[in-house]
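J.: Following this line is data_10.tsv, made up of TSV, C-alpha atoms:
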chain	number	residue	atom	x	y	z
S	1	MET	CA	-73.60	-30.28	59.66
S	2	ASP	CA	-77.25	-31.23	59.26
S	3	LEU	CA	-78.40	-29.84	55.90
S	4	THR	CA	-81.95	-30.53	54.96
S	5	THR	CA	-83.59	-27.87	52.78
S	6	CYS	CA	-82.79	-27.02	49.18
S	7	LEU	CA	-84.12	-24.16	47.05
S	8	ILE	CA	-84.05	-24.70	43.28
S	9	VAL	CA	-83.92	-21.41	41.38
S	10	ASP	CA	-84.56	-21.84	37.64
S	11	ASP	CA	-87.01	-20.34	35.17
S	12	SER	CA	-87.49	-23.70	33.45
S	13	ARG	CA	-90.21	-25.75	35.07
S	14	ILE	CA	-88.76	-28.89	33.49
S	15	ILE	CA	-85.28	-28.28	34.90
S	16	ARG	CA	-86.79	-27.60	38.32
S	17	LYS	CA	-88.71	-30.85	38.14
S	18	VAL	CA	-85.65	-32.88	37.11
S	19	ALA	CA	-83.44	-31.26	39.74
S	20	ARG	CA	-86.12	-31.69	42.39
S	21	ARG	CA	-86.32	-35.41	41.77
S	22	ILE	CA	-82.55	-35.80	42.09
S	23	VAL	CA	-82.19	-33.63	45.20
S	24	GLU	CA	-85.18	-35.22	46.94
S	25	GLY	CA	-83.54	-38.57	46.27
S	26	LEU	CA	-80.54	-37.30	48.25
S	27	GLY	CA	-82.79	-36.63	51.23
S	28	TYR	CA	-83.53	-32.91	50.90
S	29	GLU	CA	-86.78	-31.08	51.39
S	30	VAL	CA	-87.15	-29.02	48.23
S	31	ASP	CA	-88.73	-25.68	47.34
S	32	GLU	CA	-88.68	-23.88	44.00
S	33	ALA	CA	-88.33	-20.31	42.72
S	34	ALA	CA	-88.67	-19.21	39.09
S	35	ASP	CA	-86.29	-16.22	39.19
S	36	GLY	CA	-83.83	-14.36	41.41
S	37	ALA	CA	-86.38	-11.96	42.86
S	38	GLU	CA	-88.64	-14.81	43.95
S	39	ALA	CA	-85.65	-16.59	45.45
S	40	LEU	CA	-84.53	-13.46	47.29
S	41	ALA	CA	-87.98	-13.03	48.85
S	42	TYR	CA	-87.90	-16.69	49.89
S	43	CYS	CA	-84.43	-16.45	51.47
S	44	THR	CA	-85.36	-13.28	53.39
S	45	GLY	CA	-88.04	-15.37	55.11
S	46	ALA	CA	-86.23	-18.70	55.60
S	47	MET	CA	-82.65	-19.42	54.62
S	48	PRO	CA	-82.28	-22.79	52.86
S	49	ASP	CA	-79.24	-24.99	53.47
S	50	VAL	CA	-78.45	-25.53	49.79
S	51	LEU	CA	-79.34	-23.58	46.65
S	52	LEU	CA	-79.16	-24.61	42.99
S	53	ILE	CA	-79.14	-21.41	40.94
S	54	ASP	CA	-79.55	-20.93	37.19
S	55	TRP	CA	-77.75	-17.99	35.51
S	56	ASN	CA	-80.11	-16.53	32.90
S	57	MET	CA	-83.56	-15.83	34.31
S	58	PRO	CA	-86.13	-13.06	33.82
S	59	VAL	CA	-86.67	-10.34	36.46
S	60	MET	CA	-83.40	-11.04	38.30
S	61	ASP	CA	-80.58	-13.26	37.00
S	62	GLY	CA	-78.73	-15.80	39.11
S	63	LEU	CA	-75.50	-13.87	39.52
S	64	SER	CA	-77.27	-10.73	40.79
S	65	PHE	CA	-79.30	-12.87	43.17
S	66	LEU	CA	-76.20	-14.70	44.43
S	67	ARG	CA	-74.43	-11.40	45.26
S	68	LEU	CA	-77.50	-10.13	47.15
S	69	LEU	CA	-77.92	-13.48	48.90
S	70	ARG	CA	-74.36	-13.42	50.24
S	71	GLY	CA	-75.08	-9.97	51.71
S	72	LEU	CA	-78.19	-11.10	53.63
S	73	PRO	CA	-77.96	-11.94	57.34
S	74	GLY	CA	-76.95	-15.62	57.38
S	75	GLY	CA	-76.59	-15.51	53.59
S	76	ASP	CA	-72.99	-16.72	53.76
S	77	ARG	CA	-74.11	-20.05	55.26
S	78	PRO	CA	-75.93	-21.87	52.44
S	79	LYS	CA	-73.97	-24.01	50.00
S	80	VAL	CA	-74.59	-22.71	46.51
S	81	LEU	CA	-74.26	-24.67	43.28
S	82	PHE	CA	-74.56	-22.59	40.15
S	83	CYS	CA	-76.26	-24.76	37.50
S	84	THR	CA	-76.23	-23.35	33.98
S	85	ILE	CA	-75.57	-24.09	30.31
S	86	GLU	CA	-72.65	-21.63	30.32
S	87	THR	CA	-69.36	-23.57	29.86
S	88	ARG	CA	-66.80	-20.81	29.19
S	89	PRO	CA	-64.01	-20.91	31.77
S	90	ASP	CA	-64.10	-17.13	32.40
S	91	ARG	CA	-67.84	-17.28	33.07
S	92	ILE	CA	-67.41	-20.24	35.43
S	93	ALA	CA	-64.67	-18.36	37.26
S	94	GLU	CA	-66.95	-15.30	37.48
S	95	ALA	CA	-69.68	-17.32	39.21
S	96	LEU	CA	-67.20	-18.86	41.64
S	97	ALA	CA	-65.79	-15.41	42.42
S	98	ALA	CA	-69.31	-14.12	43.11
S	99	GLY	CA	-69.66	-16.66	45.92
S	100	ALA	CA	-70.81	-19.95	44.39
S	101	ASP	CA	-69.35	-22.97	46.22
S	102	ASP	CA	-69.33	-24.99	43.02
S	103	TYR	CA	-70.53	-24.86	39.45
S	104	VAL	CA	-72.52	-27.40	37.46
S	105	MET	CA	-72.68	-27.33	33.67
S	106	LYS	CA	-75.99	-28.43	32.15
S	107	PRO	CA	-76.87	-31.05	31.27
S	108	PHE	CA	-76.13	-32.81	34.54
S	109	ASP	CA	-77.32	-36.03	36.20
S	110	GLY	CA	-77.79	-37.41	39.69
S	111	GLU	CA	-74.22	-38.71	39.95
S	112	ILE	CA	-72.80	-35.28	39.14
S	113	LEU	CA	-75.03	-33.44	41.61
S	114	GLN	CA	-74.30	-35.96	44.32
S	115	SER	CA	-70.53	-35.72	43.82
S	116	LYS	CA	-70.65	-31.90	43.71
S	117	LEU	CA	-72.71	-31.74	46.92
S	118	ALA	CA	-70.25	-34.13	48.54
S	119	GLU	CA	-67.27	-32.00	47.44
S	120	VAL	CA	-68.76	-28.83	48.99
S	121	GLY	CA	-69.50	-30.75	52.18
S	122	ALA	CA	-73.30	-30.58	51.93
S	123	ILE	CA	-73.71	-34.36	52.07
S	124	ALA	CA	-71.57	-37.26	53.20
S	125	ALA	CA	-69.45	-38.84	50.48
U	1	MET	CA	-76.17	-65.55	21.36
U	2	THR	CA	-76.52	-69.15	22.43
U	3	PRO	CA	-75.73	-70.46	25.93
U	4	GLU	CA	-72.75	-72.26	24.34
U	5	ASP	CA	-71.51	-68.95	22.95
U	6	PHE	CA	-71.76	-67.42	26.39
U	7	ASP	CA	-69.85	-70.35	27.95
U	8	LYS	CA	-67.06	-69.80	25.45
U	9	LEU	CA	-67.06	-66.07	26.12
U	10	GLN	CA	-66.72	-66.77	29.83
U	11	THR	CA	-63.73	-69.01	29.13
U	12	LEU	CA	-62.17	-66.42	26.83
U	13	MET	CA	-62.55	-63.66	29.42
U	14	SER	CA	-61.25	-65.85	32.19
U	15	THR	CA	-58.17	-67.23	30.44
U	16	ARG	CA	-57.03	-64.05	28.69
U	17	ALA	CA	-58.12	-61.36	31.13
U	18	GLY	CA	-58.80	-63.22	34.38
U	19	TYR	CA	-62.20	-61.56	34.16
U	20	ARG	CA	-65.27	-63.14	35.66
U	21	LEU	CA	-68.14	-62.71	33.20
U	22	ARG	CA	-71.21	-63.40	35.27
U	23	ARG	CA	-74.18	-65.24	33.83
U	24	GLU	CA	-76.49	-62.28	34.53
U	25	ARG	CA	-74.39	-60.18	32.17
U	26	MET	CA	-75.38	-62.22	29.12
U	27	GLN	CA	-77.76	-59.56	27.80
U	28	LEU	CA	-75.26	-56.81	28.46
U	29	ALA	CA	-72.63	-58.82	26.58
U	30	GLU	CA	-74.95	-59.18	23.60
U	31	HIS	CA	-75.62	-55.43	23.70
U	32	ARG	CA	-71.92	-54.51	23.91
U	33	LEU	CA	-70.90	-56.87	21.09
U	34	GLY	CA	-73.50	-55.47	18.68
U	35	PRO	CA	-71.38	-52.49	17.54
U	36	ILE	CA	-68.33	-54.76	17.03
U	37	ALA	CA	-70.34	-57.16	14.88
U	38	ARG	CA	-71.56	-54.23	12.75
U	39	ARG	CA	-68.09	-52.68	12.51
U	40	GLU	CA	-66.54	-55.98	11.42
U	41	GLY	CA	-69.27	-56.59	8.85
U	42	TYR	CA	-71.16	-59.48	10.49
U	43	ALA	CA	-74.93	-59.87	10.22
U	44	ASN	CA	-75.27	-60.16	13.99
U	45	VAL	CA	-73.47	-61.06	17.21
U	46	GLU	CA	-74.02	-64.78	16.71
U	47	ALA	CA	-72.31	-64.65	13.30
U	48	LEU	CA	-69.39	-62.74	14.82
U	49	LEU	CA	-68.97	-65.33	17.57
U	50	THR	CA	-69.34	-68.32	15.24
U	51	ASN	CA	-66.51	-66.91	13.15
U	52	LEU	CA	-64.40	-66.11	16.21
U	53	TRP	CA	-64.65	-69.68	17.53
U	54	ALA	CA	-63.79	-71.08	14.06
U	55	HIS	CA	-60.92	-68.65	13.38
U	56	PRO	CA	-59.61	-67.28	16.67
U	57	VAL	CA	-57.94	-64.14	15.30
U	58	ALA	CA	-56.17	-62.28	18.08
U	59	SER	CA	-57.31	-58.78	17.09
U	60	LEU	CA	-60.99	-59.77	16.95
U	61	GLY	CA	-60.66	-61.71	20.19
U	62	TRP	CA	-59.22	-58.69	21.97
U	63	ALA	CA	-61.90	-56.38	20.54
U	64	VAL	CA	-64.48	-58.73	22.07
U	65	ILE	CA	-62.63	-58.90	25.39
U	66	GLU	CA	-62.29	-55.11	25.61
U	67	ALA	CA	-65.99	-54.62	24.95
U	68	LEU	CA	-66.88	-56.89	27.87
U	69	LEU	CA	-64.57	-55.38	30.50
U	70	ASN	CA	-66.07	-53.08	33.13
U	71	PRO	CA	-64.88	-49.55	32.25
U	72	GLU	CA	-66.64	-47.66	35.03
U	73	THR	CA	-64.55	-45.00	36.70
U	74	TRP	CA	-64.73	-41.36	37.75
U	75	PHE	CA	-62.58	-38.62	39.20
U	76	ARG	CA	-61.60	-39.00	42.86
U	77	ARG	CA	-63.82	-42.08	43.14
U	78	ASP	CA	-64.77	-42.63	46.81
U	79	ARG	CA	-62.70	-39.48	47.69
U	80	THR	CA	-61.20	-40.89	50.91
U	81	PRO	CA	-58.26	-42.76	49.32
U	82	PHE	CA	-57.20	-39.61	47.50
U	83	ARG	CA	-57.35	-37.62	50.73
U	84	VAL	CA	-55.25	-40.23	52.54
U	85	PHE	CA	-52.81	-40.27	49.62
U	86	GLU	CA	-52.56	-36.48	49.48
U	87	ARG	CA	-52.43	-35.65	53.17
U	88	GLU	CA	-50.66	-38.66	54.67
U	89	LEU	CA	-48.75	-40.74	52.13
U	90	LEU	CA	-47.34	-38.06	49.85
U	91	PRO	CA	-45.66	-35.95	52.55
U	92	ALA	CA	-44.22	-39.08	54.23
U	93	LEU	CA	-42.96	-40.59	50.97
U	94	ALA	CA	-41.55	-37.36	49.57
U	95	SER	CA	-39.47	-36.83	52.69
U	96	ALA	CA	-38.36	-40.48	52.79
U	97	ARG	CA	-37.01	-40.37	49.21
U	98	PRO	CA	-33.62	-38.72	48.67
U	99	SER	CA	-34.79	-37.20	45.38
U	100	GLY	CA	-38.26	-36.34	46.69
U	101	GLN	CA	-39.64	-38.20	43.68
U	102	VAL	CA	-42.78	-40.28	44.28
U	103	ARG	CA	-43.70	-42.96	41.75
U	104	VAL	CA	-47.31	-44.11	41.52
U	105	TRP	CA	-48.96	-46.78	39.41
U	106	SER	CA	-52.64	-46.71	38.49
U	107	ALA	CA	-53.16	-50.40	37.68
U	108	GLY	CA	-56.38	-50.94	35.73
U	109	CYS	CA	-56.79	-47.24	34.96
U	110	SER	CA	-59.64	-47.60	32.45
U	111	THR	CA	-60.20	-44.19	30.82
U	112	GLY	CA	-57.70	-42.41	33.08
U	113	GLN	CA	-59.73	-40.47	35.66
U	114	GLU	CA	-57.93	-42.17	38.56
U	115	ALA	CA	-54.48	-41.42	37.14
U	116	TRP	CA	-55.32	-37.74	36.65
U	117	SER	CA	-56.78	-37.58	40.17
U	118	ILE	CA	-53.52	-38.96	41.59
U	119	ALA	CA	-51.45	-36.53	39.52
U	120	MET	CA	-53.58	-33.54	40.56
U	121	ALA	CA	-53.20	-34.48	44.22
U	122	GLY	CA	-49.44	-34.72	43.75
U	123	LEU	CA	-48.98	-31.43	41.94
U	124	GLU	CA	-51.32	-29.57	44.29
U	125	THR	CA	-49.21	-30.62	47.27
U	126	GLY	CA	-46.03	-29.62	45.46
U	127	ALA	CA	-44.69	-33.19	45.28
U	128	ARG	CA	-42.43	-34.43	42.51
U	129	ILE	CA	-44.83	-37.05	41.26
U	130	GLU	CA	-44.64	-39.47	38.37
U	131	VAL	CA	-47.70	-41.56	37.48
U	132	VAL	CA	-47.70	-44.66	35.30
U	133	ALA	CA	-51.17	-45.84	34.33
U	134	THR	CA	-52.01	-49.11	32.61
U	135	ASP	CA	-55.08	-50.92	31.44
U	136	LEU	CA	-55.89	-54.08	29.53
U	137	SER	CA	-58.07	-52.19	27.05
U	138	HIS	CA	-56.37	-50.43	24.12
U	139	ARG	CA	-59.45	-48.28	23.61
U	140	ALA	CA	-59.57	-47.17	27.23
U	141	VAL	CA	-55.84	-46.37	27.20
U	142	GLU	CA	-56.21	-44.34	24.01
U	143	LYS	CA	-58.98	-42.25	25.54
U	144	ALA	CA	-57.01	-41.85	28.77
U	145	ARG	CA	-53.92	-40.71	26.88
U	146	LEU	CA	-55.97	-38.17	24.91
U	147	GLY	CA	-57.24	-36.87	28.25
U	148	ARG	CA	-60.47	-35.56	26.80
U	149	TYR	CA	-63.77	-35.92	28.66
U	150	THR	CA	-67.43	-35.04	28.13
U	151	GLY	CA	-69.28	-32.61	30.37
U	152	PHE	CA	-70.73	-35.56	32.27
U	153	GLU	CA	-67.38	-37.27	32.76
U	154	ILE	CA	-65.42	-34.16	33.76
U	155	GLN	CA	-68.00	-33.10	36.36
U	156	ARG	CA	-68.30	-36.47	38.04
U	157	GLY	CA	-66.05	-36.09	41.07
U	158	LEU	CA	-64.32	-32.83	40.14
U	159	THR	CA	-65.17	-29.39	41.47
U	160	ALA	CA	-65.38	-26.59	38.91
U	161	LYS	CA	-62.33	-24.98	40.48
U	162	THR	CA	-60.23	-28.12	40.05
U	163	MET	CA	-61.61	-28.60	36.54
U	164	LEU	CA	-60.58	-25.07	35.54
U	165	ARG	CA	-57.14	-25.51	37.07
U	166	TRP	CA	-56.25	-28.68	35.16
U	167	PHE	CA	-58.52	-28.88	32.10
U	168	GLU	CA	-59.48	-26.61	29.22
U	169	PRO	CA	-62.37	-26.67	26.75
U	170	GLU	CA	-61.80	-28.40	23.43
U	171	GLU	CA	-64.58	-29.08	20.94
U	172	ASP	CA	-67.44	-29.30	23.46
U	173	GLN	CA	-65.29	-31.42	25.74
U	174	TRP	CA	-62.61	-30.81	28.36
U	175	ARG	CA	-59.00	-31.72	27.74
U	176	VAL	CA	-56.19	-32.12	30.25
U	177	LYS	CA	-53.68	-29.24	30.26
U	178	PRO	CA	-50.02	-29.92	29.42
U	179	ASP	CA	-48.71	-29.31	32.95
U	180	LEU	CA	-50.84	-32.21	34.23
U	181	ALA	CA	-50.38	-34.38	31.14
U	182	ARG	CA	-46.58	-34.35	31.44
U	183	VAL	CA	-46.51	-36.24	34.77
U	184	VAL	CA	-48.68	-39.17	33.63
U	185	SER	CA	-47.79	-41.85	31.09
U	186	PHE	CA	-50.26	-44.44	29.84
U	187	ALA	CA	-49.58	-47.92	28.50
U	188	ARG	CA	-51.54	-51.02	27.65
U	189	ALA	CA	-50.69	-53.90	29.99
U	190	ASN	CA	-52.21	-57.13	31.26
U	191	LEU	CA	-52.01	-57.55	35.04
U	192	LEU	CA	-51.75	-61.32	34.50
U	193	ASP	CA	-48.43	-60.94	32.64
U	194	GLU	CA	-45.05	-61.18	34.34
U	195	PRO	CA	-43.31	-57.82	34.83
U	196	VAL	CA	-41.24	-56.97	31.74
U	197	ASP	CA	-39.03	-54.47	33.57
U	198	ASP	CA	-37.80	-53.91	37.11
U	199	ALA	CA	-39.71	-50.66	37.64
U	200	ARG	CA	-40.98	-50.31	41.19
U	201	HIS	CA	-43.58	-47.97	42.59
U	202	ASP	CA	-44.06	-46.20	45.91
U	203	VAL	CA	-47.85	-46.42	45.75
U	204	ILE	CA	-50.11	-48.63	43.65
U	205	PHE	CA	-53.79	-47.93	43.07
U	206	CYS	CA	-55.53	-51.13	41.91
U	207	ARG	CA	-59.11	-50.29	42.75
U	208	ASN	CA	-62.23	-52.18	41.72
U	209	VAL	CA	-60.17	-54.47	39.50
U	210	LEU	CA	-59.90	-57.62	41.65
U	211	THR	CA	-63.67	-57.54	42.30
U	212	ASP	CA	-64.35	-58.36	38.66
U	213	MET	CA	-61.72	-61.10	38.46
U	214	GLU	CA	-61.96	-64.85	38.83
U	215	PRO	CA	-60.98	-65.59	42.44
U	216	ALA	CA	-58.39	-68.10	41.17
U	217	ARG	CA	-56.61	-65.39	39.15
U	218	ARG	CA	-56.48	-62.74	41.88
U	219	ALA	CA	-53.42	-64.27	43.56
U	220	ARG	CA	-51.41	-63.93	40.37
U	221	VAL	CA	-52.33	-60.26	40.03
U	222	LEU	CA	-51.51	-59.60	43.69
U	223	ASP	CA	-48.13	-61.33	43.24
U	224	GLY	CA	-47.39	-58.98	40.36
U	225	LEU	CA	-48.40	-55.94	42.40
U	226	GLU	CA	-46.20	-57.10	45.27
U	227	GLN	CA	-43.18	-57.49	42.97
U	228	ARG	CA	-43.66	-54.01	41.58
U	229	LEU	CA	-44.16	-52.26	44.94
U	230	VAL	CA	-41.21	-50.99	47.00
U	231	ASP	CA	-40.94	-52.58	50.44
U	232	ASP	CA	-42.18	-49.49	52.29
U	233	GLY	CA	-44.86	-48.75	49.67
U	234	CYS	CA	-48.64	-48.80	49.86
U	235	LEU	CA	-51.40	-50.44	47.89
U	236	PHE	CA	-54.93	-49.06	47.53
U	237	LEU	CA	-57.75	-51.46	46.72
U	238	GLY	CA	-61.39	-50.44	46.15
U	239	ALA	CA	-63.50	-49.32	49.10
U	240	ASP	CA	-65.51	-52.56	49.07
U	241	GLU	CA	-62.67	-54.92	48.27
U	242	ARG	CA	-61.20	-57.20	50.93
U	243	LEU	CA	-58.32	-59.65	50.67
U	244	GLU	CA	-59.47	-62.99	52.03
U	245	GLY	CA	-56.77	-65.59	51.78
U	246	GLU	CA	-55.75	-64.72	48.19
U	247	THR	CA	-52.32	-63.66	49.36
U	248	VAL	CA	-50.04	-63.42	52.37
U	249	ALA	CA	-48.06	-60.64	50.70
U	250	PHE	CA	-50.20	-57.75	51.98
U	251	ARG	CA	-51.82	-56.77	55.25
U	252	PRO	CA	-54.51	-54.08	55.75
U	253	VAL	CA	-53.70	-50.81	57.52
U	254	SER	CA	-56.16	-50.40	60.38
U	255	GLY	CA	-58.37	-47.33	60.28
U	256	ARG	CA	-57.60	-46.77	56.57
U	257	PRO	CA	-60.16	-48.78	54.57
U	258	GLY	CA	-58.74	-50.14	51.32
U	259	LEU	CA	-55.12	-49.35	52.24
U	260	TYR	CA	-52.58	-52.20	52.36
U	261	VAL	CA	-48.87	-52.52	53.05
U	262	LYS	CA	-46.52	-55.45	52.52
U	263	ALA	CA	-46.74	-58.16	55.14
U	264	PRO	CA	-43.56	-59.02	57.09
U	265	SER	CA	-43.33	-62.38	55.28
U	266	SER	CA	-42.97	-60.75	51.87
U	267	LEU	CA	-40.36	-58.33	53.22
U	268	ARG	CA	-38.27	-61.30	54.38
U	269	ARG	CA	-38.63	-62.90	50.99
U	270	ALA	CA	-37.52	-59.71	49.31
U	271	ALA	CA	-34.46	-59.55	51.60
How does this structure look as structure tokens?
T.:
Amino acid sequence: MDLTTCLIVDDSRIIRKVARRIVEGLGYEVDEAADGAEALAYCTGAMPDVLLIDWNMPVMDGLSFLRLLRGLPGGDRPKVLFCTIETRPDRIAEALAAGADDYVMKPFDGEILQSKLAEVGAIAA
Amino acid sequence: MTPEDFDKLQTLMSTRAGYRLRRERMQLAEHRLGPIARREGYANVEALLTNLWAHPVASLGWAVIEALLNPETWFRRDRTPFRVFERELLPALASARPSGQVRVWSAGCSTGQEAWSIAMAGLETGARIEVVATDLSHRAVEKARLGRYTGFEIQRGLTAKTMLRWFEPEEDQWRVKPDLARVVSFARANLLDEPVDDARHDVIFCRNVLTDMEPARRARVLDGLEQRLVDDGCLFLGADERLEGETVAFRPVSGRPGLYVKAPSSLRRAA
């Protein structure tokens, strides 16, 4: 599998910047969206290979976006990492059930993202 | 610290732990010993070391040694060995043992992530697994036994699904659940010491331990591993570790990087 593009969906510009630096370091071409609606418009045009999605965002939250994404043509293909500050087990399970391939609790670092992407098969170990 | 202090530290690490303290780690050593000096009431690291050389108290010596060991570890480190263990070794071993019981030793377990990774692999394949995990550092073993990890530690190498299956939140951290905890036992042990019992293991993980050791002490550790491994058992070394003349007791398994079995010569000796 040759995965190359990653969409970072987060309403925090700082988080997007930090995540971008990490993911670019792993060899991805990165784009950003500030909420679920923006991300949905993006994915309708060009489906990224990997998405990092925050939970709480204005306009459309991450979980609503993820459910819509999985219903789009080709929307089952991208690897999705949910990246949020939520650490309650039932909430993590909810995101996984909604179609996230894995879940990242903030704060995270490059080693965590790399190992998560390797576990979901988006990059070589 | 002075260059003489560092020389003495190197000797201490080498004789007691077999550990090779490289010259370029002098600053790191100074940094790591700072908290011990403060805790023990010394003005600075130099004062701590001056006192240690004058009155070599075992407890202070070991506190210094533990602070200088390399504790780095994470869950399912390098991934491949755990896959080989889970998919190839476990089924073969479980069927070869009359009781179905598979005994594994995590030698040099640091803070325990490797031992838990082995245990998870075992329980998820339905094997009857028993993991013994040892480390030279009391502090590392205590943390391992507690089985409690920060958000950074728990996420490094574990998927959220696996994390939820085997760990639960406790005071902003994640703690191992009882069903995983009951198959792993932790103990403090020095790999340079002679075996104190006749326990033998089906698989030994001794990964990224030999790399940090004085080449002259590696043979002794490998001898100990060989004595504690059953004749048809397997040894995992780190992904980048190679045996080069340290021992004739083990030979590499081709196509399985880091995996070793006993060489015919050591089987004859055992018989």
J.: Counting only C-alpha atoms, what is within 7 Å of stretch 59-61 of chain S, bar same-chain residues fewer than 3 positions away, as a ChimeraX atom specification?
T.: /S:35-37,55-56,64-65
J.: Should the cut-off be 10 Å, what would the residue list for chain S against chain U look like, counting only C-alpha atoms, as a list in words?
T.: Thr87, Arg88, Pro89, Asp90, Ile92, Ala93, Leu96, Asp101, Asp102, Tyr103, Val104, Met105, Lys106, Pro107, Phe108, Asp109, Gly110, Glu111, Ile112, Leu113, Gln114, Ser115, Lys116, Leu117, Ala118, Glu119, Val120 and Ala125 of chain S
J.: Do you have the atom CA of U:Asp5-atom CA of U:Ser110 distance handy?
T.: 26.2 Å
J.: Between atom CA of U:Arg175 and atom CA of U:Glu142, what is the distance in Å, rounded to a tenth?
T.: 13.5 Å
J.: Quick one: of S:Leu81, S:Gly25, S:Asp49, S:Thr44, who's nearest to S:Val9, counting all atoms listed in the file?
T.: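 Smallest separation from S:Val9 among the options: S:Leu81.
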J.: Which one is closest to S:Asp76: S:Leu7, S:Ala33, S:Ile53, S:Ala100? Count all atoms listed in the file.
T.: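 Smallest separation from S:Asp76 among the options: S:Ala100.
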J.: What is the atom CA of U:Pro178 to atom CA of U:Phe85 distance in Å?
T.: 22.9 Å
J.: So, counting all atoms listed in the file, which residue among S:Leu40, S:Val23, S:Leu52, S:Ile14 is closest to S:Gly75?
T.: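 For S:Gly75, the nearest of the candidates is S:Leu40.
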J.: Once 8 Å is added on each side, what centre and edge lengths in Å to one decimal does the axis-aligned box around all listed atoms of stretch 15-33 of chain S have, as AutoDock Vina command-line options?
T.:
--center_x -84.6 --center_y -29.4 --center_z 43.1 --size_x 24.2 --size_y 34.3 --size_z 32.5
J.: For U:Arg25, please output as an NGL selection string all residues within 10 Å (counting only C-alpha atoms; exclusion window: fewer than 4 positions along the same chain).
T.: :U and (6 or 21 or 29-31 or 68)
J.: Export C-alpha atoms of the chosen residues as a PDB file, in the frame of the given file?
T.:
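Writing the result to part_6.pdb gives the following:
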ATOM      1  CA  PHE U   6     -71.760 -67.420  26.390  1.00  0.00           C
ATOM      2  CA  LEU U  21     -68.140 -62.710  33.200  1.00  0.00           C
ATOM      3  CA  ALA U  29     -72.630 -58.820  26.580  1.00  0.00           C
ATOM      4  CA  GLU U  30     -74.950 -59.180  23.600  1.00  0.00           C
ATOM      5  CA  HIS U  31     -75.620 -55.430  23.700  1.00  0.00           C
ATOM      6  CA  LEU U  68     -66.880 -56.890  27.870  1.00  0.00           C
TER       7      LEU U  68
END
J.: Please list as a ChimeraX atom specification every residue within 9 Å of U:Glu130, counting only C-alpha atoms and excluding residues in the same chain fewer than 2 positions away.
T.: /U:101-105,119,122,128,132,182-185
J.: Determine the nearest neighbour of U:Pro56 from the options U:Ala92, U:Ile36, U:Leu210, U:Leu12, counting only C-alpha atoms.
T.: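 Once distances to U:Pro56 are computed over only C-alpha atoms, the minimum belongs to U:Leu12.
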J.: Ranking U:Arg218, U:Arg139, U:Arg32, U:Arg207 by minimum distance to U:Gly238 and counting all atoms listed in the file, which one comes first?
T.: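 Comparing U:Arg218, U:Arg139, U:Arg32, U:Arg207 against U:Gly238, the winner is U:Arg207.
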J.: If you count all atoms listed in the file, which residues fall within 12 Å of U:Glu246, apart from same-chain ones fewer than 6 positions away, as number ranges by chain?
T.: U: 210, 213-223
J.: Fewer than 5 positions away in the same chain doesn't count, so skip those; otherwise give me all residues within 12 Å of S:Arg13, counting only C-alpha atoms, as a PDB file with C-alpha atoms, in the frame of the given file.
T.:
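For reference, out_37.pdb as written:
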ATOM      1  CA  ILE S   8     -84.050 -24.700  43.280  1.00  0.00           C
ATOM      2  CA  VAL S  18     -85.650 -32.880  37.110  1.00  0.00           C
ATOM      3  CA  ALA S  19     -83.440 -31.260  39.740  1.00  0.00           C
ATOM      4  CA  ARG S  20     -86.120 -31.690  42.390  1.00  0.00           C
ATOM      5  CA  GLU S  32     -88.680 -23.880  44.000  1.00  0.00           C
ATOM      6  CA  ALA S  33     -88.330 -20.310  42.720  1.00  0.00           C
ATOM      7  CA  ALA S  34     -88.670 -19.210  39.090  1.00  0.00           C
ATOM      8  CA  ASP S  35     -86.290 -16.220  39.190  1.00  0.00           C
ATOM      9  CA  ASP S  54     -79.550 -20.930  37.190  1.00  0.00           C
ATOM     10  CA  MET S  57     -83.560 -15.830  34.310  1.00  0.00           C
TER      11      MET S  57
END
J.: I need the residue nearest U:Leu192 from this list: U:Leu243, U:Leu89, U:Ala17, U:Met1. Use all atoms listed in the file for the distance.
T.: U:Ala17
J.: Just add N, CA and C atoms to stretch 159-166 of chain U and send it as an mmCIF file, in the frame of the given file.
T.:
data_model
loop_
_atom_site.group_PDB
_atom_site.id
_atom_site.type_symbol
_atom_site.label_atom_id
_atom_site.label_comp_id
_atom_site.auth_asym_id
_atom_site.auth_seq_id
_atom_site.Cartn_x
_atom_site.Cartn_y
_atom_site.Cartn_z
ATOM 1 N N THR U 159 -64.556 -30.698 41.295
ATOM 2 C CA THR U 159 -65.170 -29.390 41.470
ATOM 3 C C THR U 159 -64.830 -28.535 40.251
ATOM 4 N N ALA U 160 -65.632 -27.480 40.046
ATOM 5 C CA ALA U 160 -65.380 -26.590 38.910
ATOM 6 C C ALA U 160 -64.004 -25.942 39.032
ATOM 7 N N LYS U 161 -63.624 -25.620 40.258
ATOM 8 C CA LYS U 161 -62.330 -24.980 40.480
ATOM 9 C C LYS U 161 -61.182 -25.895 40.033
ATOM 10 N N THR U 162 -61.265 -27.158 40.445
ATOM 11 C CA THR U 162 -60.230 -28.120 40.050
ATOM 12 C C THR U 162 -60.265 -28.351 38.546
ATOM 13 N N MET U 163 -61.461 -28.414 37.987
ATOM 14 C CA MET U 163 -61.610 -28.600 36.540
ATOM 15 C C MET U 163 -60.931 -27.458 35.782
ATOM 16 N N LEU U 164 -61.172 -26.224 36.228
ATOM 17 C CA LEU U 164 -60.580 -25.070 35.540
ATOM 18 C C LEU U 164 -59.070 -25.043 35.693
ATOM 19 N N ARG U 165 -58.580 -25.532 36.845
ATOM 20 C CA ARG U 165 -57.140 -25.510 37.070
ATOM 21 C C ARG U 165 -56.403 -26.470 36.137
ATOM 22 N N TRP U 166 -57.003 -27.635 35.865
ATOM 23 C CA TRP U 166 -56.250 -28.680 35.160
ATOM 24 C C TRP U 166 -56.776 -29.048 33.783
#
